[in-house]
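Beneath this line is the structure, given in structure tokens, with notes to follow.
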Amino acid sequence: MSTRSLIDLRSDTVTQPTPAMRRAMAEAEVGDDVYGEDPTVLALEARVADLLGKEAALFVPSGTMANQIGIGLHAGPGDELICDARAHVYVWEAGGIARHWGVQARTINPHGGLITVDHLRDKIQPDNEHYVRTRLVCLENTHNRAGGRVQPIESVRAISAWAREHGLAMHLDGARLINAVVASGVPARDWAREFDTVSICFSKGLGAPVGSAIAGSADLMRRARRLRKALGGGMRQAGILAAGALHALEHHVDRIADDHRHAQLIAQAVEEAPGLSLESGPVETNLVWIAVDPEVGSAREVADRLREVGVLVSALGPQILRAVTHLDCSRSQAERAAEAIAQVTAGMARTA
């Protein structure tokens, strides 16, 4: 069975450009972005800066690069950042915090929840030559590994106020920030106001094929351009890619609510399926993290059985699955996936 014929719920990065997006990309006006001459890239960066209420933005190839640039702007050798132990910047960016910047990560385990200011109050290192210098707090919204949950705006504001009080910078991994906007009704610039730098990804819920951006002050973005070059992210006629991102911002934001509704269908099937449970509690956006009872089997075994009936999910731990709804997952496909989850796990439970 080919991947194209499957209901692919491994990630929201698997989407294909829509015909309208392909036309926009094919017809994009381009120039050399390293020279700052690509009009479509410049238009995208202006649009993102306005969306997030920042002075400037910078188009980059990936969310990982956007986050790593954000870290590099605020911290360096001998410095420390604070983040969730499950944060993308710490777990899924190939050790970039240490590899690129010589920065130490102090991780917080909020025991299944989201970081609050109370988790941070005693985490700043003393001003002493024996210790690293605490410089940065990184948050993630929505939080992938916490079940796609939305960090409440009140909590973000409290953390930001605490960070400012102690002279710490704030970076937001906003790869799925638009999901948080749609789920909460809080505008993007209200979230972004609490951070010095914000990343946003176009190739997840927004459905573009490639690209992210980082936004902040004009001075920070001038420095960010140098870091992008050092990381190999300087692109030339990148307007072809930027056009897809622009199209996504113009046409794919409101429809993200459909992804959230489709995730609820799958979440309901998980709650009713024998041997499965929602690992991170109620589903808020488009990510469904699933705990598999060992008596039913391993996550890999469940994923393999689902593939046999036409549904792809990710096995991301011995007993953990993830299903993600997206632009290319229709309501009928979500319903079929939910039925498959119910049938497969019922069969495995009977034979366990």
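All residue names refer to the structure tokens as shown: chains lettered A, B, ... in order, residues numbered from 1 in each chain, ligands numbered from 1 in order.
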Spatial neighbours of region 318-332 of chain A, 6 Å, only C-alpha atoms, chain gap at least 5 places, as a PyMOL selection string: chain A and resi 9-12+15+205+259+262-263+286-292+298-299+313
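Every protein or nucleic acid residue with an atom no more than 7 Å from Ile7 (chain A), counting only C-alpha atoms and leaving out same-chain residues fewer than 6 positions away, appears here: A:Gly310, A:Val311, A:Leu312, A:Gln333.
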CA of His143 (chain A) to CA of His111 (chain A), straight-line distance in Å: 13.9 Å
Residue nearest Ala218 (chain A) - candidates A:Ala56, A:Ala269, A:Val41, A:Leu51, atoms counted: only C-alpha atoms: A:Ala56
Nearest-residue call for Gly76 (chain A), choices A:Ala43, A:Val296, A:Val132, A:Leu246, using only C-alpha atoms: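 Of A:Ala43, A:Val296, A:Val132, A:Leu246, the one nearest Gly76 (chain A), counting only C-alpha atoms, is A:Val132.
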Can you pull out the residues contacting Ala169 (chain A)? Cut-off 12 Å, using only C-alpha atoms, and skip same-chain residues under 6 positions away; I want them as a PDB file with C-alpha atoms, in the first residue's frame.
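What ended up in part.pdb:
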```
ATOM      1  CA  GLY A  70      16.521  32.756  18.717  1.00  0.00           C
ATOM      2  CA  ILE A  71      18.741  31.009  21.243  1.00  0.00           C
ATOM      3  CA  GLY A  72      21.923  32.309  19.607  1.00  0.00           C
ATOM      4  CA  LEU A  73      20.633  35.875  19.793  1.00  0.00           C
ATOM      5  CA  HIS A  74      20.153  35.735  23.557  1.00  0.00           C
ATOM      6  CA  ALA A  75      22.783  33.345  24.927  1.00  0.00           C
ATOM      7  CA  ASP A  79      25.192  30.911  29.550  1.00  0.00           C
ATOM      8  CA  GLU A  80      22.130  28.886  30.457  1.00  0.00           C
ATOM      9  CA  LEU A  81      18.569  28.763  29.201  1.00  0.00           C
ATOM     10  CA  ILE A  82      15.532  27.368  31.000  1.00  0.00           C
ATOM     11  CA  THR A 134      21.027  32.329  33.401  1.00  0.00           C
ATOM     12  CA  ARG A 135      20.033  34.336  30.345  1.00  0.00           C
ATOM     13  CA  LEU A 136      16.924  32.985  28.606  1.00  0.00           C
ATOM     14  CA  VAL A 137      13.542  31.314  29.065  1.00  0.00           C
ATOM     15  CA  CYS A 138      12.154  29.291  26.141  1.00  0.00           C
ATOM     16  CA  LEU A 139       8.466  28.406  25.958  1.00  0.00           C
ATOM     17  CA  ILE A 159       6.362  34.087  33.252  1.00  0.00           C
ATOM     18  CA  SER A 160       7.249  37.050  31.059  1.00  0.00           C
ATOM     19  CA  ALA A 161       6.866  39.523  33.927  1.00  0.00           C
ATOM     20  CA  TRP A 162       9.063  37.341  36.132  1.00  0.00           C
ATOM     21  CA  ALA A 163      11.700  37.049  33.404  1.00  0.00           C
ATOM     22  CA  GLU A 194       5.494  38.722  25.910  1.00  0.00           C
ATOM     23  CA  PHE A 195       8.614  37.564  24.033  1.00  0.00           C
ATOM     24  CA  ASP A 196      11.766  39.137  22.637  1.00  0.00           C
ATOM     25  CA  THR A 197      11.786  36.691  19.737  1.00  0.00           C
ATOM     26  CA  VAL A 198       9.097  34.442  18.284  1.00  0.00           C
ATOM     27  CA  GLY A 216      11.710  40.497  16.947  1.00  0.00           C
TER      28      GLY A 216
END
```
Selected residue of minimal separation from Asn144 (chain A) among A:Tyr131, A:Phe202, A:Tyr35, A:Trp92, counting only C-alpha atoms: A:Trp92
Test item: residues at most 12 Å from Pro19 (chain A), only C-alpha atoms, excluding those fewer than 4 positions along its chain, as a PyMOL selection string: chain A and resi 23-26+208+244+247
Just the selected residues (N, CA, C and O atoms), exported as a PDB file, in the first residue's frame, please.
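selection36.pdb, freshly written:
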```pdb
ATOM      1  N   ARG A  23       0.103  27.441  -7.675  1.00  0.00           N
ATOM      2  CA  ARG A  23       0.062  28.543  -8.656  1.00  0.00           C
ATOM      3  C   ARG A  23       0.750  29.779  -8.099  1.00  0.00           C
ATOM      4  O   ARG A  23       1.514  30.444  -8.807  1.00  0.00           O
ATOM      5  N   ALA A  24       0.464  30.076  -6.829  1.00  0.00           N
ATOM      6  CA  ALA A  24       1.095  31.244  -6.215  1.00  0.00           C
ATOM      7  C   ALA A  24       2.610  31.096  -6.201  1.00  0.00           C
ATOM      8  O   ALA A  24       3.351  32.060  -6.460  1.00  0.00           O
ATOM      9  N   MET A  25       3.087  29.899  -5.921  1.00  0.00           N
ATOM     10  CA  MET A  25       4.530  29.665  -5.893  1.00  0.00           C
ATOM     11  C   MET A  25       5.131  29.765  -7.295  1.00  0.00           C
ATOM     12  O   MET A  25       6.204  30.354  -7.483  1.00  0.00           O
ATOM     13  N   ALA A  26       4.445  29.198  -8.270  1.00  0.00           N
ATOM     14  CA  ALA A  26       4.967  29.222  -9.646  1.00  0.00           C
ATOM     15  C   ALA A  26       5.029  30.633 -10.209  1.00  0.00           C
ATOM     16  O   ALA A  26       5.909  30.950 -11.025  1.00  0.00           O
ATOM     17  N   ALA A 208       2.038  24.934   4.229  1.00  0.00           N
ATOM     18  CA  ALA A 208       3.028  25.265   3.203  1.00  0.00           C
ATOM     19  C   ALA A 208       4.083  24.162   3.157  1.00  0.00           C
ATOM     20  O   ALA A 208       4.267  23.426   4.126  1.00  0.00           O
ATOM     21  N   GLY A 244       4.418  30.335  -0.978  1.00  0.00           N
ATOM     22  CA  GLY A 244       3.589  29.314  -0.355  1.00  0.00           C
ATOM     23  C   GLY A 244       3.210  29.697   1.064  1.00  0.00           C
ATOM     24  O   GLY A 244       2.071  29.496   1.493  1.00  0.00           O
ATOM     25  N   HIS A 247       0.611  32.501   0.924  1.00  0.00           N
ATOM     26  CA  HIS A 247      -0.702  31.939   0.578  1.00  0.00           C
ATOM     27  C   HIS A 247      -1.324  31.262   1.798  1.00  0.00           C
ATOM     28  O   HIS A 247      -2.530  31.405   2.046  1.00  0.00           O
TER      29      HIS A 247
END
```
Residues within 8 Å of region 58-64 of chain A, only C-alpha atoms, excluding chain neighbours under 4 positions, as a list in words: Val41, Leu44, Glu45, Gln68, Val89, Glu93, Ala175, Ser199, Ile200, Cys201, Val210, Gly211, Ser212, Ala213, Ile214, Ala215, Met221, Ala224, Arg225, Arg228, Gly233, Gly234 and Ala242 of chain A
In region 16-141 of chain A, DSSP strand (DSSP E or B) residues written as JSON, numbers by chain: {"A": [56, 57, 58, 59, 60, 79, 80, 81, 82, 83, 84, 104, 105, 106, 107, 108, 133, 134, 135, 136, 137, 138, 139, 140]}
Given the selection you just returned, output its residues as a file containing N, CA and C atoms, formatted as an mmCIF file, in the first residue's frame.
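File produced: selection-v1.cif:
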```
data_model
loop_
_atom_site.group_PDB
_atom_site.id
_atom_site.type_symbol
_atom_site.label_atom_id
_atom_site.label_comp_id
_atom_site.auth_asym_id
_atom_site.auth_seq_id
_atom_site.Cartn_x
_atom_site.Cartn_y
_atom_site.Cartn_z
ATOM 1 N N ALA A 56 10.408 43.561 12.904
ATOM 2 C CA ALA A 56 10.950 42.895 11.721
ATOM 3 C C ALA A 56 10.846 41.390 11.886
ATOM 4 N N ALA A 57 11.010 40.695 10.762
ATOM 5 C CA ALA A 57 11.015 39.228 10.759
ATOM 6 C C ALA A 57 12.015 38.756 9.725
ATOM 7 N N LEU A 58 12.399 37.485 9.842
ATOM 8 C CA LEU A 58 13.384 36.890 8.939
ATOM 9 C C LEU A 58 12.886 35.517 8.516
ATOM 10 N N PHE A 59 12.849 35.273 7.198
ATOM 11 C CA PHE A 59 12.433 33.995 6.645
ATOM 12 C C PHE A 59 13.600 33.015 6.707
ATOM 13 N N VAL A 60 13.340 31.806 7.210
ATOM 14 C CA VAL A 60 14.385 30.786 7.344
ATOM 15 C C VAL A 60 13.832 29.451 6.850
ATOM 16 N N ASP A 79 26.550 30.502 29.189
ATOM 17 C CA ASP A 79 25.192 30.911 29.550
ATOM 18 C C ASP A 79 24.289 29.689 29.679
ATOM 19 N N GLU A 80 23.111 29.941 30.236
ATOM 20 C CA GLU A 80 22.130 28.886 30.457
ATOM 21 C C GLU A 80 20.754 29.382 30.029
ATOM 22 N N LEU A 81 19.976 28.476 29.442
ATOM 23 C CA LEU A 81 18.569 28.763 29.201
ATOM 24 C C LEU A 81 17.727 27.805 30.030
ATOM 25 N N ILE A 82 16.486 28.191 30.262
ATOM 26 C CA ILE A 82 15.532 27.368 31.000
ATOM 27 C C ILE A 82 14.420 26.969 30.046
ATOM 28 N N CYS A 83 14.082 25.674 30.036
ATOM 29 C CA CYS A 83 12.992 25.206 29.192
ATOM 30 C C CYS A 83 12.376 23.955 29.790
ATOM 31 N N ASP A 84 11.244 23.574 29.263
ATOM 32 C CA ASP A 84 10.602 22.315 29.620
ATOM 33 C C ASP A 84 11.494 21.159 29.164
ATOM 34 N N GLN A 104 24.145 25.937 28.062
ATOM 35 C CA GLN A 104 23.646 24.857 28.911
ATOM 36 C C GLN A 104 22.138 25.012 29.066
ATOM 37 N N ALA A 105 21.442 23.881 29.050
ATOM 38 C CA ALA A 105 19.987 23.907 29.246
ATOM 39 C C ALA A 105 19.647 23.417 30.643
ATOM 40 N N ARG A 106 18.901 24.221 31.364
ATOM 41 C CA ARG A 106 18.341 23.763 32.640
ATOM 42 C C ARG A 106 16.885 23.401 32.361
ATOM 43 N N THR A 107 16.575 22.128 32.489
ATOM 44 C CA THR A 107 15.250 21.659 32.119
ATOM 45 C C THR A 107 14.352 21.534 33.340
ATOM 46 N N ILE A 108 13.084 21.835 33.106
ATOM 47 C CA ILE A 108 12.052 21.789 34.136
ATOM 48 C C ILE A 108 11.086 20.664 33.790
ATOM 49 N N ARG A 133 25.639 31.557 33.583
ATOM 50 C CA ARG A 133 24.790 32.748 33.699
ATOM 51 C C ARG A 133 23.421 32.439 33.099
ATOM 52 N N THR A 134 22.387 32.550 33.898
ATOM 53 C CA THR A 134 21.027 32.329 33.401
ATOM 54 C C THR A 134 20.633 33.526 32.546
ATOM 55 N N ARG A 135 20.258 33.243 31.294
ATOM 56 C CA ARG A 135 20.033 34.336 30.345
ATOM 57 C C ARG A 135 18.677 34.302 29.651
ATOM 58 N N LEU A 136 18.036 33.123 29.547
ATOM 59 C CA LEU A 136 16.924 32.985 28.606
ATOM 60 C C LEU A 136 15.909 31.974 29.114
ATOM 61 N N VAL A 137 14.629 32.266 28.852
ATOM 62 C CA VAL A 137 13.542 31.314 29.065
ATOM 63 C C VAL A 137 12.925 31.006 27.704
ATOM 64 N N CYS A 138 12.795 29.723 27.383
ATOM 65 C CA CYS A 138 12.154 29.291 26.141
ATOM 66 C C CYS A 138 10.832 28.604 26.470
ATOM 67 N N LEU A 139 9.766 29.057 25.857
ATOM 68 C CA LEU A 139 8.466 28.406 25.958
ATOM 69 C C LEU A 139 8.056 27.883 24.587
ATOM 70 N N GLU A 140 7.092 26.982 24.567
ATOM 71 C CA GLU A 140 6.593 26.380 23.328
ATOM 72 C C GLU A 140 5.070 26.442 23.347
#
```
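With only C-alpha atoms as the atoms that count, the minimum distance from Asp38 (chain A) to the choices A:Val309, A:Ala303, A:Ala243, A:Val344 is reached by A:Ala243.
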Pick from A:Pro152, A:Pro274, A:Pro17, A:Gly53 nearest to Lys204 (chain A), counting only C-alpha atoms: A:Pro17
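Among A:Leu6, A:Leu172, A:Val283, A:Ile240, the residue with the shortest atom-to-atom distance to Glu29 (chain A), counting only C-alpha atoms, is A:Ile240.
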